[in-house]
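**Q** Mind having a look at this structure? Questions to follow.
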Amino acid sequence: MAKENGKATAVAHSNIALVKYWGKRNEALVLPWQSSLSVTLAPLEVKTTVAFGAPEDNIRLNGKEAKGSERARVIALADVVRKSKPQLGPLCVHSEGNFPASAGLASSAAAFAALALALREAAGLEEEVEATSLLARLGSGSACRSIQGGVCVWHRGEREDGADSFARQHFAAEHWPNLRMVAVILSREEKAVNSRDGMRNTVQTSPYYPAWVKAAEADIGPALEAIGARDIEKLGTLAERNAWRMHATSFAATPPLSYMKPATLAILLALEEERRKGTALWFTLDAGPNPVLLTEEAHLPKALAFAERFSPLEAVVCHPGGDARLLSEGHLF
Ligand code: PMV
């Protein structure tokens with residue numbers, strides 16, 4: 001890939017977990033207690049340009065200078081690369097997402113995946129899926145599942161240094177092109193407890209946490225089977241149950257933690273009724289109030305009409321996306 005003066009640009013999609021990652025066994029290394037599985041979300045993507053050799057570290061995210069913890073997380077990831085190559089010096093990072101403004105969609109997975117790929121390229125390191133996934137994981141756990149497209153599994157790994165904890169693609173996007181994920185935006189408020197703090201609290205205080213770990217790990221095999229067979233009913237049923245269980249562990253924490261709002265619960269319960277009418281529609285829910293509906297292209301009009309009943313601010317239709325990639329032109333600076 002063409003590079004000029006240690007500059008590189010990468011693009012990565014977001015992803016939605018159908019078997020969630022919820023809880024770290026090692027906070028500093030971002031090592032999970034259980035494996036997780038996700039689908040890469042196109043057309044949601046983040047583009048990031050990185051160049052070493054700047055006068056000082058300069059980080060701009062969506063047109064604004066990054067401050068506080070946002071800036072610190074980007075610099076911490078750059079430091080992982082700079083540790084082995086101190087001659088790289090200060091860096092300039094510009095990053096832009098095409099996500100609907102504050103849609104409540106997790107952009108950190110796409111952002112850290114694009115950053116990891118661009119950082120390695122700008123540092124002159126080999127383009128290597130495994131190493132890029134490992135680096136992205138240190139920025140945000142879910143980001144390790146956005147290096148490859150389609151369906152990826154983040155295998156929890158066993159090693160204490162985390163060298164075997166990275167994501168691998170199990171199905172390319174082309175395997176199930178008519179799979180649809182519809183993000184139903186019910187609220188744009190910033191959540192009171194971020195996923196990092198929420199999972200820490202759950203791991204430390206929820207009596208249900210060990211049961212969650214066991215149940216989630218056991219969901220990976222059947223989820224892969226359902227995807228292999230393109231069985232939306234089997235996959236949807238499993239994804240819903242997995243999301244209920246993740247949220248149940250958090251309800252049982254001290255203090256109790258609910259990412260659901262009344263409007264979230266209303267839509268989740270109404271889904272059962274909708275299915276009785278024959279619509280192939282299921283949900284998953286991350287650490288926030290906005291559900292993501294799971295369906296197939298043929299049922300999309302019904303899925304959107306269903307979402308409409310709950311007066312969402314927006315419904316964003318996604319399909320399985322491809323790998324994170326380097327661009328040889330179109331740098332952000
Ligand atoms: O990657 P993080 O630290 O933002 O955590 C993501 C956690 C969930 O989105 C709730 C689940 C997942 O697997 O993506």
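Naming works like this for the structure tokens: A, B, ... for the chains as they're shown, residue 1 at the start of each chain, ligands 1 onward in shown order.
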May I have the residues within 7 Å of ligand 1, computed using only C-alpha atoms and all ligand atoms, as a VMD selection string?
**A** chain A and resid 16 to 17 19 to 22 36 108 to 109 140 to 143 195 to 196 286 to 287
**Q** With N, CA, C and O atoms retained, export the selected residues as a compact mmCIF listing (two decimals), in the first residue's frame.
**A**
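Output file part_14.txt is given in full below:
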```
# COMPACT_ATOMS: atom_id res chain seq x y z
N ILE A 16 -22.17 -5.18 15.44
CA ILE A 16 -23.15 -5.40 16.51
C ILE A 16 -22.99 -6.84 17.01
O ILE A 16 -22.97 -7.78 16.20
N ALA A 17 -22.83 -6.98 18.32
CA ALA A 17 -22.65 -8.32 18.89
C ALA A 17 -23.99 -9.03 19.02
O ALA A 17 -24.97 -8.43 19.49
N VAL A 19 -23.74 -12.34 20.28
CA VAL A 19 -23.36 -12.91 21.58
C VAL A 19 -22.45 -11.84 22.18
O VAL A 19 -21.37 -11.57 21.66
N LYS A 20 -22.92 -11.20 23.24
CA LYS A 20 -22.25 -9.99 23.76
C LYS A 20 -20.98 -10.29 24.52
O LYS A 20 -20.85 -11.34 25.16
N TYR A 21 -20.10 -9.30 24.51
CA TYR A 21 -18.93 -9.28 25.42
C TYR A 21 -19.37 -8.42 26.61
O TYR A 21 -19.79 -7.28 26.43
N TRP A 22 -19.32 -9.00 27.80
CA TRP A 22 -19.73 -8.22 28.96
C TRP A 22 -18.89 -8.63 30.17
O TRP A 22 -19.20 -9.59 30.87
N SER A 36 -17.18 -13.70 22.25
CA SER A 36 -18.34 -12.97 21.75
C SER A 36 -18.36 -13.07 20.23
O SER A 36 -17.35 -13.41 19.60
N SER A 108 -17.23 3.43 18.74
CA SER A 108 -15.86 3.18 19.21
C SER A 108 -15.26 1.93 18.55
O SER A 108 -14.06 1.88 18.32
N ALA A 109 -16.10 0.94 18.22
CA ALA A 109 -15.56 -0.26 17.58
C ALA A 109 -14.93 0.11 16.24
O ALA A 109 -13.79 -0.27 15.93
N SER A 140 -10.57 -0.63 22.44
CA SER A 140 -11.94 -0.91 22.85
C SER A 140 -12.19 -2.37 22.51
O SER A 140 -11.95 -2.78 21.37
N GLY A 141 -12.63 -3.16 23.48
CA GLY A 141 -12.75 -4.60 23.27
C GLY A 141 -13.47 -4.94 21.97
O GLY A 141 -12.97 -5.71 21.14
N SER A 142 -14.64 -4.36 21.78
CA SER A 142 -15.45 -4.71 20.61
C SER A 142 -14.76 -4.35 19.29
O SER A 142 -15.10 -4.90 18.25
N ALA A 143 -13.79 -3.45 19.32
CA ALA A 143 -13.09 -3.04 18.09
C ALA A 143 -12.30 -4.18 17.47
O ALA A 143 -12.08 -4.20 16.25
N SER A 195 -19.93 1.60 29.16
CA SER A 195 -19.85 0.13 29.20
C SER A 195 -18.68 -0.34 30.07
O SER A 195 -18.78 -1.34 30.77
N ARG A 196 -17.61 0.44 30.07
CA ARG A 196 -16.44 0.06 30.87
C ARG A 196 -16.81 -0.03 32.37
O ARG A 196 -16.55 -1.03 33.03
N ASP A 286 -27.38 -3.40 23.09
CA ASP A 286 -26.07 -3.15 23.70
C ASP A 286 -26.25 -2.40 25.02
O ASP A 286 -27.35 -2.31 25.54
N ALA A 287 -25.18 -1.82 25.52
CA ALA A 287 -25.24 -1.10 26.79
C ALA A 287 -25.83 0.30 26.56
O ALA A 287 -25.16 1.31 26.70
```
**Q** DSSP says alpha helix (DSSP H) for which residues of stretch 36-188 of chain A? Put them as an NGL selection string?
**A** :A and (68-84 or 108-122 or 129-139)
**Q** What is the distance, in Å and to one decimal place, between atom CA of A:Ala78 and atom CA of A:Gly63?
**A**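 Going from atom CA of A:Ala78 over to atom CA of A:Gly63 covers 19.6 Å.
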**Q** Which residues come within 10 Å of A:Leu37, counting only C-alpha atoms, excluding same-chain residues fewer than 6 positions away, as a ChimeraX atom specification?
**A** /A:15-21,142,145,151-155,167-170,216-217,219-221,223-224,239
**Q** What lies within 10 Å of A:Val80 using only C-alpha atoms, ignoring chain neighbours under 4 positions off, as a list in words?
**A**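 Non-adjacent residues within range: Ile75, Ala76, Ser84, Lys85, Leu119, Leu135 and Leu138 of chain A.
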**Q** Just checking: using only C-alpha atoms, which residue out of A:Asp79, A:Glu130, A:Glu273, A:Asp323 ends up closest to A:Ala42?
**A** A:Asp323
**Q** Could you name the residues that touch A:Gly149 at 7 Å or less, counting only C-alpha atoms, but leaving out those on the same chain fewer than 4 positions away, as a ChimeraX atom specification?
**A** /A:40,169,172-173,321-323
**Q** Set the distance at 10 Å and use only C-alpha atoms: which residues neighbour A:Leu29 once local chain neighbours fewer than 2 positions away are removed? I'd like the list as a VMD selection string.
**A** chain A and resid 24 to 27 31 to 32 134 137 to 139 141 160 to 163 165
**Q** Only all heavy atoms, please: the residues just picked out, written as a short mmCIF file (atom, residue, chain, number, x, y, z; two decimals), in the first residue's frame.
**A**
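Listing of selection-v5.cif after writing:
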```cif
data_model
loop_
_atom_site.label_atom_id
_atom_site.label_comp_id
_atom_site.auth_asym_id
_atom_site.auth_seq_id
_atom_site.Cartn_x
_atom_site.Cartn_y
_atom_site.Cartn_z
N LYS A 24 -14.59 -7.92 31.92
CA LYS A 24 -13.16 -8.18 31.67
C LYS A 24 -12.55 -9.02 32.79
O LYS A 24 -12.84 -8.77 33.96
CB LYS A 24 -12.39 -6.86 31.60
CG LYS A 24 -12.80 -5.93 30.48
CD LYS A 24 -12.00 -4.62 30.59
CE LYS A 24 -12.37 -3.61 29.53
NZ LYS A 24 -13.74 -3.09 29.60
N ARG A 25 -11.67 -9.94 32.39
CA ARG A 25 -10.88 -10.64 33.42
C ARG A 25 -9.59 -9.89 33.68
O ARG A 25 -8.94 -10.08 34.70
CB ARG A 25 -10.64 -12.09 33.03
CG ARG A 25 -9.77 -12.31 31.80
CD ARG A 25 -9.62 -13.81 31.52
NE ARG A 25 -8.51 -14.10 30.63
CZ ARG A 25 -8.60 -14.12 29.29
NH1 ARG A 25 -9.76 -13.88 28.71
NH2 ARG A 25 -7.53 -14.39 28.56
N ASN A 26 -9.19 -9.02 32.75
CA ASN A 26 -8.01 -8.17 32.94
C ASN A 26 -8.32 -6.81 32.31
O ASN A 26 -8.46 -6.71 31.10
CB ASN A 26 -6.79 -8.82 32.27
CG ASN A 26 -5.51 -7.99 32.46
OD1 ASN A 26 -5.53 -6.75 32.40
ND2 ASN A 26 -4.41 -8.68 32.68
N GLU A 27 -8.46 -5.80 33.16
CA GLU A 27 -8.88 -4.47 32.67
C GLU A 27 -7.82 -3.81 31.82
O GLU A 27 -8.11 -3.24 30.78
CB GLU A 27 -9.19 -3.56 33.86
CG GLU A 27 -10.45 -3.94 34.56
CD GLU A 27 -11.43 -2.78 34.67
OE1 GLU A 27 -11.19 -1.69 34.11
OE2 GLU A 27 -12.45 -2.98 35.32
N LEU A 31 -9.04 -8.01 28.48
CA LEU A 31 -9.25 -9.44 28.23
C LEU A 31 -10.62 -9.83 28.79
O LEU A 31 -10.91 -9.58 29.95
CB LEU A 31 -8.15 -10.27 28.90
CG LEU A 31 -6.74 -10.00 28.37
CD1 LEU A 31 -5.71 -10.82 29.14
CD2 LEU A 31 -6.68 -10.32 26.89
N PRO A 32 -11.46 -10.45 27.95
CA PRO A 32 -12.82 -10.77 28.38
C PRO A 32 -12.89 -12.10 29.14
O PRO A 32 -12.02 -12.95 28.99
CB PRO A 32 -13.55 -10.89 27.04
CG PRO A 32 -12.51 -11.46 26.13
CD PRO A 32 -11.19 -10.88 26.57
N LEU A 134 -5.50 -7.58 17.75
CA LEU A 134 -4.95 -7.49 19.12
C LEU A 134 -4.76 -6.03 19.53
O LEU A 134 -5.08 -5.65 20.66
CB LEU A 134 -3.60 -8.20 19.19
CG LEU A 134 -3.61 -9.73 19.22
CD1 LEU A 134 -2.21 -10.28 19.04
CD2 LEU A 134 -4.18 -10.23 20.55
N ARG A 137 -8.12 -4.25 20.09
CA ARG A 137 -8.72 -4.70 21.36
C ARG A 137 -8.29 -3.82 22.53
O ARG A 137 -9.07 -3.54 23.44
CB ARG A 137 -8.28 -6.15 21.63
CG ARG A 137 -8.96 -6.81 22.82
CD ARG A 137 -8.17 -8.04 23.29
NE ARG A 137 -7.04 -7.67 24.10
CZ ARG A 137 -5.85 -8.28 24.08
NH1 ARG A 137 -5.62 -9.31 23.31
NH2 ARG A 137 -4.87 -7.85 24.88
N LEU A 138 -7.04 -3.35 22.49
CA LEU A 138 -6.53 -2.53 23.59
C LEU A 138 -7.22 -1.16 23.61
O LEU A 138 -7.28 -0.50 24.66
CB LEU A 138 -5.02 -2.36 23.48
CG LEU A 138 -4.22 -3.66 23.61
CD1 LEU A 138 -2.75 -3.42 23.29
CD2 LEU A 138 -4.37 -4.25 25.02
N GLY A 139 -7.75 -0.72 22.45
CA GLY A 139 -8.46 0.56 22.40
C GLY A 139 -9.89 0.41 22.91
O GLY A 139 -10.36 1.18 23.74
N GLY A 141 -12.63 -3.16 23.48
CA GLY A 141 -12.75 -4.60 23.27
C GLY A 141 -13.47 -4.94 21.97
O GLY A 141 -12.97 -5.71 21.14
N GLU A 160 -2.30 -15.24 29.85
CA GLU A 160 -2.38 -14.06 30.72
C GLU A 160 -1.93 -12.79 30.03
O GLU A 160 -2.36 -11.70 30.38
CB GLU A 160 -1.54 -14.29 31.98
CG GLU A 160 -2.32 -15.08 33.00
CD GLU A 160 -1.60 -15.24 34.32
OE1 GLU A 160 -0.73 -14.40 34.62
OE2 GLU A 160 -1.93 -16.21 35.02
N ASP A 161 -1.07 -12.94 29.01
CA ASP A 161 -0.60 -11.73 28.31
C ASP A 161 -1.57 -11.31 27.18
O ASP A 161 -1.34 -10.31 26.51
CB ASP A 161 0.82 -11.93 27.75
CG ASP A 161 0.87 -13.00 26.65
OD1 ASP A 161 -0.18 -13.60 26.33
OD2 ASP A 161 1.98 -13.23 26.12
N GLY A 162 -2.61 -12.09 26.96
CA GLY A 162 -3.63 -11.70 25.98
C GLY A 162 -3.26 -11.99 24.53
O GLY A 162 -4.02 -11.64 23.62
N ALA A 163 -2.13 -12.64 24.29
CA ALA A 163 -1.66 -12.85 22.91
C ALA A 163 -2.59 -13.74 22.09
O ALA A 163 -2.52 -13.73 20.87
CB ALA A 163 -0.25 -13.43 22.93
N SER A 165 -6.00 -13.57 22.48
CA SER A 165 -7.34 -13.00 22.60
C SER A 165 -7.58 -11.98 21.48
O SER A 165 -7.30 -10.79 21.64
CB SER A 165 -7.50 -12.33 23.99
OG SER A 165 -8.83 -11.97 24.21
#
```
**Q** Could you work out how far atom CA of A:Val316 lies from atom CA of A:Asp231, giving the answer in Å with one decimal?
**A** 22.8 Å
**Q** For A:Gly53, list every protein, DNA or RNA residue within 6 Å, evaluated using only C-alpha atoms, and leave out those in the same chain fewer than 3 positions away; present the list as number ranges by chain.
**A** A: 89-91
**Q** Enumerate as a compact mmCIF listing (two decimals) with C-alpha atoms, in the first residue's frame all residues of stretch 78-238 of chain A assigned to strand (DSSP E) by DSSP on the backbone, naming them with the chain letters and numbers the document uses.
**A**
```txt
# COMPACT_ATOMS: atom_id res chain seq x y z
CA LEU A 91 1.65 11.89 15.70
CA CYS A 92 -1.27 13.57 14.05
CA VAL A 93 -4.63 11.72 13.96
CA HIS A 94 -7.78 12.89 12.19
CA SER A 95 -10.84 10.68 12.35
CA GLU A 96 -14.34 11.05 10.92
CA GLY A 97 -17.39 8.82 11.17
CA VAL A 151 -19.29 -12.53 11.13
CA CYS A 152 -16.38 -12.49 13.59
CA VAL A 153 -15.79 -14.29 16.85
CA TRP A 154 -13.56 -12.79 19.51
CA ALA A 167 -11.15 -11.91 16.68
CA ARG A 168 -11.34 -14.07 13.59
CA GLN A 169 -13.76 -14.04 10.70
CA HIS A 170 -16.00 -17.11 10.48
CA PHE A 171 -18.24 -16.01 7.58
CA LEU A 179 -29.37 -10.15 6.61
CA ARG A 180 -30.50 -6.77 8.00
CA MET A 181 -29.80 -4.99 11.28
CA VAL A 182 -32.01 -1.98 11.98
CA ALA A 183 -30.82 0.37 14.72
CA VAL A 184 -33.90 1.97 16.27
CA ILE A 185 -32.86 5.26 17.83
```
**Q** What separation in Å, quoted to one decimal, exists between atom CA of A:Val50 and atom CA of A:Val74?
**A** 11.0 Å
